[in-house]
Amino acid sequence: MTTKNLFGPDGWTPERLGSLKGKTYLITGTTSGTGFEATRILLSKGAKVVMLNRNPKKSDNVITQLKQELGSDTDVSAIRMDLSDLASVRAAAAEVLETVSQIDALICNAAIAQVPTQKMTVDGFESQLGTNHYGHFVLCGMLFDRIDESHGRIVVVASLGYKLGLRTIQFDDMNWDKNYSANSVYSQSKLAQMMFAYELQDRVKAANRNVESYVCHPGSSATSLIETSGSMVTKVIYRLMMMTPLVQSAERGAYPEIMCATEDGLEQRAFYGPTKRMESGGPVGQGTLEPYAHDKAVMSKLWDVSEKETGFQWNI
C-alpha cells in the first residue's frame with residue numbers, strides 16, 4: 001500500500017475539527033510530547049479529556065497549565081496509571097468505569113523506547129513489551145464495553161520502528177532472554193500493538209460490536225520518549241537530530257492520533273501518519289502498511305498469548 005493524500009496537499013490538520021463539546025477522550029501518557037499536545041488540541045475544541053499518567057504530580061502540573069491557557073472551566077482530569085504494572089492498570093480502569101460514563105475514544109499514546117538493557121516489569125514481562133503492549137491490551141479490554149456503548153474508538157499510537165525488527169513475534173522468547181537488543185525489542189513491542197489493533201478489528205466485525213480501531217504514528221517528532229528510557233548514546237544522537245529540520249514539533253506529531261480519534265470515513269486496516277520524507281514528516285494522511293503487520297496467524301496467536309500472559313480474557 002502506498003501513501004494516500006486524503007485531505008489535500010496540506011494533509012489532515014486540526015482545522016478540520018468542529019466543536020467537540022459533549023465528547024470524552026481518554027489518553028495515556030499526556031504529561032509531555034504528543035500526548036500533551038493531543039490533550040491540549042482536543043480541549044481547545046470543547047472536549048472532555050481524562051489523562052492516564054503514572055506521575056500524579058506531573059498530571060497536576062499539566063492540568064494547571066492547561067486551565068491557565070484554555071480557561072478554568074476546561075474539563076480535564078487525571079487518573080493515576082502505570083502501564084508497566086497490571087494491578088495499576090486494572091485499578092485505573094476500574095476508576096474510569098466508576099467515573100466516566102462515555103468514551104468516544106481511548107488513545108493509547110504512552111510508551112517507553114530503546115531501553116538499553118533488559119529490564120522486567122513487576123509482572124515479569126520484558127519492560128517494553130509489558131508497558132507498550134500488555135498494559136494497553138488489558139486497559140483496552142477492561143474499557144471495551146464502555147467504548148462499545150459509546151460507539152467509540154481505540155487508537156493505537158505505533159511507530160515506524162515496527163519495520164526495524166524481526167517483522168514477526170518471537171513467541172519462543174517473548175522476554176528476549178537470549179538476544180536482547182534495545183531497538184529490536186522496541187520494534188517488537190510496537191508491532192505487537194499494531195497486531196492487537198488489527199486483530200481487534202476482525203473480532204469486532206465477527207461479534208458485530210460498535211468499536212472502531214485505528215493505528216497511527218507520529219513520524220519523527222520532538223518528544224521526550226527517548227529521554228525517558230533510552231541509553232546515553234541514544235539520547236545524545238536524538239538531541240542532535242532534534243536540532244535539524246528532520247524532526248517536526250510534538251504538536252504536528254499529535255495530528256495523526258487526533259485524526260484517528262475524530263475523523264469520519266477512515267479505513268481501519270491502515271497506518272496513518274506523515275506522508276513525506278520516508279513518512280517521517282510532512283502532511284498527515286494514510287501511509288504504507290507492511291503486510292506482515294497484519295499476518296492473521298501471528299495476530300491470532302499473539303492475542304491468545306496476551307490473554308494467557310496477562311490473565312485477562314476479553315469479552316468479545
# chains A, B, ... in the order shown; residues from 1 in each chain; ligands from 1
>>> residues_around(residues="segment 297-306 of chain A", least_positions_apart="6", cutoff="9 Å", atoms="only C-alpha atoms", output="list in words")
His133, Tyr134, Phe137, Val138, Thr168, Ile169, Phe171, Ala192, Met195, Phe196, Tyr198, Glu199, Leu200 and Phe312 of chain A
>>> residues_around(residues="Met194 of chain A", least_positions_apart="4", cutoff="10 Å", atoms="only C-alpha atoms", output="list in words")
His133, Val156, Val157, Ala158, Ser159, Tyr162, Gln188, Ser189, Lys190, Tyr198, Glu199, Leu200, Tyr214, Val215, Cys216, Phe271, Ala293, His294 and Met299 of chain A
>>> write_last_selection(atoms="C-alpha atoms", output="PDB file, in the first residue's frame")
ATOM      1  CA  HIS A 133       1.581  -3.821  24.571  1.00  0.00           C
ATOM      2  CA  VAL A 156      -3.072   2.777  18.902  1.00  0.00           C
ATOM      3  CA  VAL A 157      -0.057   5.046  18.517  1.00  0.00           C
ATOM      4  CA  ALA A 158       2.614   2.837  16.985  1.00  0.00           C
ATOM      5  CA  SER A 159       5.926   3.691  15.341  1.00  0.00           C
ATOM      6  CA  TYR A 162       7.957  -1.612  13.730  1.00  0.00           C
ATOM      7  CA  GLN A 188       8.665  -5.934  18.585  1.00  0.00           C
ATOM      8  CA  SER A 189       6.542  -4.076  21.146  1.00  0.00           C
ATOM      9  CA  LYS A 190       5.191  -1.633  18.548  1.00  0.00           C
ATOM     10  CA  TYR A 198      -5.820  -5.211  13.560  1.00  0.00           C
ATOM     11  CA  GLU A 199      -6.883  -8.435  15.268  1.00  0.00           C
ATOM     12  CA  LEU A 200      -9.355  -6.409  17.330  1.00  0.00           C
ATOM     13  CA  TYR A 214      -7.091   2.698  14.153  1.00  0.00           C
ATOM     14  CA  VAL A 215      -3.293   2.642  14.062  1.00  0.00           C
ATOM     15  CA  CYS A 216      -1.099   5.685  13.573  1.00  0.00           C
ATOM     16  CA  PHE A 271      -1.431   3.041   9.063  1.00  0.00           C
ATOM     17  CA  ALA A 293       1.885  -6.274  10.375  1.00  0.00           C
ATOM     18  CA  HIS A 294      -1.496  -7.942   9.876  1.00  0.00           C
ATOM     19  CA  MET A 299      -2.113 -11.799  15.145  1.00  0.00           C
TER      20      MET A 299
END
>>> closest_residue(among="A:Arg146, A:Lys163, A:Lys119, A:Lys48", to="Asn175 of chain A", atoms="only C-alpha atoms")
A:Lys119
>>> closest_residue(among="A:Tyr272, A:Tyr25, A:Trp176, A:Tyr186", to="Leu42 of chain A", atoms="only C-alpha atoms")
A:Tyr25
>>> residues_around(residues="Gly273 of chain A", least_positions_apart="5", cutoff="12 Å", atoms="only C-alpha atoms", output="PyMOL selection string")
chain A and resi 3-6+11-13+156-160+214-221+252-260+278-289
>>> residues_around(residues="Phe125 of chain A", least_positions_apart="2", cutoff="12 Å", atoms="only C-alpha atoms", output="PyMOL selection string")
chain A and resi 83-86+118-123+127-135+173-177+185+189+306+309-310
>>> residues_around(residues="Leu26 of chain A", least_positions_apart="4", cutoff="8 Å", atoms="only C-alpha atoms", output="PyMOL selection string")
chain A and resi 49-52+103+105-107
>>> write_last_selection(atoms="N, CA and C atoms", output="short mmCIF file (atom, residue, chain, number, x, y, z; two decimals), in the first residue's frame")
data_model
loop_
_atom_site.label_atom_id
_atom_site.label_comp_id
_atom_site.auth_asym_id
_atom_site.auth_seq_id
_atom_site.Cartn_x
_atom_site.Cartn_y
_atom_site.Cartn_z
N VAL A 49 -11.32 15.63 28.48
CA VAL A 49 -10.19 14.70 28.39
C VAL A 49 -9.85 14.18 29.78
N VAL A 50 -9.74 12.86 29.87
CA VAL A 50 -9.26 12.20 31.08
C VAL A 50 -7.87 11.66 30.77
N MET A 51 -6.88 12.12 31.51
CA MET A 51 -5.49 11.74 31.28
C MET A 51 -5.13 10.56 32.18
N LEU A 52 -4.43 9.59 31.63
CA LEU A 52 -3.97 8.43 32.38
C LEU A 52 -2.45 8.46 32.40
N ILE A 103 -17.03 7.05 26.55
CA ILE A 103 -15.67 7.11 26.00
C ILE A 103 -15.78 7.14 24.48
N ALA A 105 -13.24 8.01 22.48
CA ALA A 105 -12.01 7.38 22.00
C ALA A 105 -11.05 7.19 23.15
N LEU A 106 -10.38 6.04 23.15
CA LEU A 106 -9.25 5.77 24.03
C LEU A 106 -8.01 5.80 23.16
N ILE A 107 -7.12 6.76 23.43
CA ILE A 107 -5.90 6.91 22.64
C ILE A 107 -4.73 6.31 23.42
#
>>> residues_around(residues="Thr30 of chain A", least_positions_apart="6", cutoff="10 Å", atoms="only C-alpha atoms", output="list in words")
Phe36, Glu37, Ala38, Thr39, Arg40, Val50, Met51, Leu52, Asn53, Arg54, Lys58, Ser59, Val62, Ala78, Asn109 and Ala110 of chain A
>>> write_last_selection(atoms="N, CA and C atoms", output="mmCIF file, in the first residue's frame")
data_model
loop_
_atom_site.group_PDB
_atom_site.id
_atom_site.type_symbol
_atom_site.label_atom_id
_atom_site.label_comp_id
_atom_site.auth_asym_id
_atom_site.auth_seq_id
_atom_site.Cartn_x
_atom_site.Cartn_y
_atom_site.Cartn_z
ATOM 1 N N PHE A 36 0.535 15.271 25.386
ATOM 2 C CA PHE A 36 0.166 16.588 25.901
ATOM 3 C C PHE A 36 -0.472 17.435 24.811
ATOM 4 N N GLU A 37 0.135 17.445 23.622
ATOM 5 C CA GLU A 37 -0.382 18.274 22.534
ATOM 6 C C GLU A 37 -1.764 17.802 22.076
ATOM 7 N N ALA A 38 -1.965 16.486 22.024
ATOM 8 C CA ALA A 38 -3.284 15.961 21.660
ATOM 9 C C ALA A 38 -4.331 16.401 22.678
ATOM 10 N N THR A 39 -3.971 16.322 23.954
ATOM 11 C CA THR A 39 -4.873 16.763 25.021
ATOM 12 C C THR A 39 -5.229 18.230 24.851
ATOM 13 N N ARG A 40 -4.230 19.051 24.625
ATOM 14 C CA ARG A 40 -4.443 20.499 24.501
ATOM 15 C C ARG A 40 -5.355 20.827 23.327
ATOM 16 N N VAL A 50 -9.742 12.857 29.870
ATOM 17 C CA VAL A 50 -9.256 12.205 31.082
ATOM 18 C C VAL A 50 -7.868 11.655 30.771
ATOM 19 N N MET A 51 -6.882 12.123 31.507
ATOM 20 C CA MET A 51 -5.493 11.736 31.283
ATOM 21 C C MET A 51 -5.133 10.560 32.182
ATOM 22 N N LEU A 52 -4.432 9.592 31.626
ATOM 23 C CA LEU A 52 -3.972 8.430 32.375
ATOM 24 C C LEU A 52 -2.449 8.456 32.403
ATOM 25 N N ASN A 53 -1.887 8.852 33.542
ATOM 26 C CA ASN A 53 -0.442 9.025 33.684
ATOM 27 C C ASN A 53 0.059 8.357 34.954
ATOM 28 N N ARG A 54 1.333 8.008 34.964
ATOM 29 C CA ARG A 54 1.872 7.326 36.143
ATOM 30 C C ARG A 54 2.334 8.288 37.226
ATOM 31 N N LYS A 58 3.035 15.383 38.017
ATOM 32 C CA LYS A 58 3.124 15.904 36.659
ATOM 33 C C LYS A 58 1.733 16.118 36.065
ATOM 34 N N SER A 59 0.810 15.214 36.367
ATOM 35 C CA SER A 59 -0.566 15.382 35.893
ATOM 36 C C SER A 59 -1.165 16.665 36.441
ATOM 37 N N VAL A 62 0.205 19.643 34.635
ATOM 38 C CA VAL A 62 -0.370 19.770 33.294
ATOM 39 C C VAL A 62 -1.779 20.347 33.370
ATOM 40 N N ALA A 78 -7.349 13.749 35.707
ATOM 41 C CA ALA A 78 -6.319 12.716 35.591
ATOM 42 C C ALA A 78 -6.598 11.566 36.550
ATOM 43 N N ASN A 109 -1.399 6.244 23.735
ATOM 44 C CA ASN A 109 -0.282 7.083 23.315
ATOM 45 C C ASN A 109 1.011 6.801 24.073
ATOM 46 N N ALA A 110 0.923 6.423 25.340
ATOM 47 C CA ALA A 110 2.110 6.263 26.178
ATOM 48 C C ALA A 110 2.992 5.114 25.695
#
>>> select_by_dssp(residues="segment 100-314 of chain A", states="alpha helix (DSSP H)", output="number ranges by chain")
A: 127-128, 136-149, 182-207, 225-229, 232-241, 250-262, 296-310
>>> select_by_dssp(residues="segment 53-295 of chain A", states="strand (DSSP E or B)", output="count of residues only")
35
>>> atom_distance(atom1="atom CA of Ser187 of chain A", atom2="atom CA of Gly165 of chain A")
5.2 Å
>>> residues_around(residues="Lys21 of chain A", least_positions_apart="2", cutoff="8 Å", atoms="only C-alpha atoms", output="VMD selection string")
chain A and resid 19 23 45 to 48
>>> closest_residue(among="A:Met81, A:Ile63, A:Val100, A:Ala182", to="Gln114 of chain A", atoms="only C-alpha atoms")
A:Ala182
>>> closest_residue(among="A:Lys276, A:Lys296, A:Ala113, A:Pro291", to="Asp10 of chain A", atoms="only C-alpha atoms")
A:Lys276
